[in-house]
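Written below as structure tokens is the structure these notes are about.
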Amino acid sequence: MKALLCIFLLVACASAHSIFQKLSVDGVDQGQLKGIRAPSSDYPLQDVGDAAFACNKDLKFKDDTVISVPAGAKVGAWWGHVIGGAQSTNDHDNPIAASHKGPIMVYLAKVDNAATAGTTHLKWFKVAEQGLNGGKWAVDSMIANNGWHYFTMPSCVAPGDYLMRVELIALHGANKQGQAQFYMECAQIRVTGSGTNNGANHVEFPGAYKASDPGILVNIYDNSGNPNGGGRPYVIPGPRPISC
């Protein structure tokens with residue numbers, strides 16, 4: 001049983017990755033790769049100290065679009081196995097392999113101009129997170145929503161330009177240090193409204209996580225091999241989201 005699981009996970013690791021590549025705002029699709037900084041590769045980062053840990057590396061797609069997001073809006077982040085979605089007809093690993101259980105988080109970093117801002121030494125704060133609830137992972141909900149992960153932009157976020165970092169952590173191999181898989185891309189957004197909250201518990205990427213953090217070095221399986229946390233609470237990495 002254990003050998004079969006290991007073989008399955010090795011196959012999944014080789015072929016079942018994902019890329020955040022589209023945004024929706026209050027149900028309106030903003031367009032493929034519009035305002036999204038993305039690589040062509042769907043491979044994860046696994047070193048929490050990687051210099052590109054903020055918005056990913058080898059970015060091939062970037063435009064000047066800045067997406068308007070009203071504070072309080074329902075925002076959707078769309079994930080696909082490769083750029084465009086499915087890698088082939090009947091791609092069972094689109095948007096990501098079902099084995100890749102884990103949380104999804106959203107961070108903001110205030111910038112002067114979202115279209116041109118760099119990604120080093122930014123101060124990030126978390127606005128949303130979803131982990132494990134009743135045996136169901138955030139990734140499970142995203143797959144059920146055909147690649148869409150939804151959250152509400154907090155109504156109190158101060159207006160202005162931000163980079164919005166959407167991150168998925170796949171934990172199927174995370175019982176060994178350095179084997180958690182981090183998928184992240186950044187969207188260029190402009191928050192509108194009358195909020196006054198500029199964030200709290202700011203962190204930098206890299207630097208926010210340690211490879212030994214309990215939500216990164218973790219065994220998500222019970223004694224029967226089910227990825228439900230074994231009845232143990234899951235601790236989502238990073239600070240908690242702001243509250244309004």
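Note on naming: chains are A, B, ... as they come in the structure tokens, residues start from 1 per chain, ligands start from 1 in the order shown.
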Name all residues at most 8 Å from A:Pro70 (count only C-alpha atoms; drop same-chain ones fewer than 3 positions away) and give them as number ranges by chain.
-> A: 73, 153, 191-193
So which residues touch A:Asp112 within 9 Å, counting only C-alpha atoms, skipping near sequence neighbours fewer than 5 positions away, as a PyMOL selection string?
-> chain A and resi 117+160-162
Can those selected residues be exported to a file as a CSV table (one decimal), in the first residue's frame so that it contains N, CA, C and O atoms?
```csv
chain,number,residue,atom,x,y,z
A,117,ALA,N,5.6,47.9,-10.8
A,117,ALA,CA,6.3,47.7,-9.5
A,117,ALA,C,7.1,46.4,-9.6
A,117,ALA,O,6.7,45.4,-10.2
A,160,GLY,N,-6.0,52.1,-3.7
A,160,GLY,CA,-4.7,52.2,-4.2
A,160,GLY,C,-4.2,51.0,-5.0
A,160,GLY,O,-5.0,50.1,-5.2
A,161,ASP,N,-3.0,51.1,-5.6
A,161,ASP,CA,-2.5,50.0,-6.4
A,161,ASP,C,-1.8,49.0,-5.5
A,161,ASP,O,-1.1,49.3,-4.5
A,162,TYR,N,-2.0,47.7,-5.8
A,162,TYR,CA,-1.4,46.6,-5.1
A,162,TYR,C,-1.0,45.5,-6.1
A,162,TYR,O,-1.6,45.4,-7.1
```
Could you give me, as CSV, every stretch 8-98 of chain A residue with an atom at most 9 Å from stretch 119-124 of chain A, plus its closest atom pair and distance in Å to one decimal, counting only C-alpha atoms, rows ordered by chain then number?
```
residue,atom,partner,partner_atom,distance
A:Ala51,CA,A:Thr120,CA,8.3
A:Ala52,CA,A:Thr119,CA,8.3
A:Ala54,CA,A:Thr119,CA,6.4
A:Cys55,CA,A:Thr119,CA,7.0
```
Would you tabulate, counting only C-alpha atoms, all residues of stretch 161-182 of chain A that have an atom at most 8 Å from an atom of stretch 218-242 of chain A, showing the closest pair of atoms and their distance in Å to one decimal, sorted by chain then ascending number, as JSON lines?
```
{"residue": "A:Leu171", "atom": "CA", "partner": "A:Ile220", "partner_atom": "CA", "distance": 7.1}
{"residue": "A:His172", "atom": "CA", "partner": "A:Ile220", "partner_atom": "CA", "distance": 7.2}
{"residue": "A:Gly173", "atom": "CA", "partner": "A:Asn219", "partner_atom": "CA", "distance": 7.9}
{"residue": "A:Ala174", "atom": "CA", "partner": "A:Val218", "partner_atom": "CA", "distance": 5.4}
{"residue": "A:Asn175", "atom": "CA", "partner": "A:Asn219", "partner_atom": "CA", "distance": 4.6}
{"residue": "A:Lys176", "atom": "CA", "partner": "A:Val218", "partner_atom": "CA", "distance": 7.7}
```
For those residues, write N, CA, C and O atoms to a file as a CSV table (one decimal), in the first residue's frame.
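Full text of again20.csv as output:
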```csv
chain,number,residue,atom,x,y,z
A,171,LEU,N,0.5,19.7,-0.5
A,171,LEU,CA,1.1,19.1,0.7
A,171,LEU,C,1.2,17.5,0.6
A,171,LEU,O,1.4,16.9,1.6
A,172,HIS,N,1.0,17.0,-0.6
A,172,HIS,CA,0.9,15.5,-0.7
A,172,HIS,C,2.3,14.9,-0.3
A,172,HIS,O,2.3,13.7,0.1
A,173,GLY,N,3.4,15.6,-0.5
A,173,GLY,CA,4.7,15.0,-0.1
A,173,GLY,C,5.3,15.8,1.1
A,173,GLY,O,6.5,15.6,1.3
A,174,ALA,N,4.5,16.6,1.8
A,174,ALA,CA,5.1,17.5,2.7
A,174,ALA,C,5.5,16.9,4.1
A,174,ALA,O,6.0,17.6,5.0
A,175,ASN,N,5.4,15.6,4.2
A,175,ASN,CA,5.9,15.0,5.4
A,175,ASN,C,7.4,14.9,5.5
A,175,ASN,O,8.0,14.6,6.5
A,176,LYS,N,8.1,15.3,4.3
A,176,LYS,CA,9.5,15.4,4.3
A,176,LYS,C,9.9,16.9,4.0
A,176,LYS,O,9.3,17.6,3.2
```
Would you give me, as a PyMOL selection string, the residues in stretch 8-238 of chain A that DSSP reads as strand (DSSP E or B)?
-> chain A and resi 19-25+28-29+36-39+45+59-61+67-70+74-80+82+85+104-110+124-130+132-133+136-137+148-152+157+160-170+181-192+197+203
Which residue, A:Asp26, A:Asp64, A:Asp58, A:Asp213, has the smallest gap to A:Gln177 when you use only C-alpha atoms?
->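 Ranking A:Asp26, A:Asp64, A:Asp58, A:Asp213 by distance to A:Gln177, first place goes to A:Asp213.
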Near A:Val139, within 9 Å and counting only C-alpha atoms, which residues show up once chain neighbours fewer than 6 positions away are dropped, as a ChimeraX atom specification?
-> /A:96,98,100-104,130-131,147,149,168-170
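Proximity to A:Val66 was assessed for A:Ala187, A:Ala144, A:Val48, A:Ala128 counting only C-alpha atoms; the smallest distance is recorded for A:Ala187.
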Near A:Ile36, counting only C-alpha atoms, which residues have an atom at most 9 Å away, once you skip same-chain residues fewer than 4 positions from it, shown as a list in words?
->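 Answer for this query is Phe20, Gln21, Lys22, Leu23, Gln32, Phe61, Lys62, Asp63, Thr65, Val66, Glu185, Cys186, Ala187 and Gln188 of chain A.
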Which of these, A:Phe205, A:Ala115, A:Leu108, A:Trp79, has the shortest distance to A:Ser141 once you count only C-alpha atoms?
->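 Of A:Phe205, A:Ala115, A:Leu108, A:Trp79, the one nearest A:Ser141, counting only C-alpha atoms, is A:Trp79.
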Surrounding residues of A:Val166 excluding itself and chain neighbours under 2 positions, 6 Å, only C-alpha atoms, as number ranges by chain | A: 105-106, 184-185
Of the candidates A:Arg165, A:Lys74, A:Arg37, A:His17, which one gets nearest to A:Asn94 if we count only C-alpha atoms?
->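 With only C-alpha atoms as the atom set, the closest residue is A:His17.
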Given the choices A:Ser99, A:Gly178, A:Gly76, A:Phe125, which gets closest to A:Asp140 if the distance is worked out from only C-alpha atoms?
-> A:Ser99
Counting only C-alpha atoms, figure out which residue out of A:Val127, A:Asp50, A:Ala211, A:Ala114 gets nearest to A:Val75.
->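 Residue with the minimum atom-to-atom distance to A:Val75: A:Val127.
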Å distance separating atom CA of A:Gly72 from atom CA of A:Cys156, one decimal place |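 Taking atom CA of A:Gly72 and atom CA of A:Cys156, their separation equals 7.7 Å.
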If you run DSSP over the backbone, which residues in stretch 6-204 of chain A end up alpha helix (DSSP H)? Put them as number ranges by chain.
-> A: 6-15, 138-144
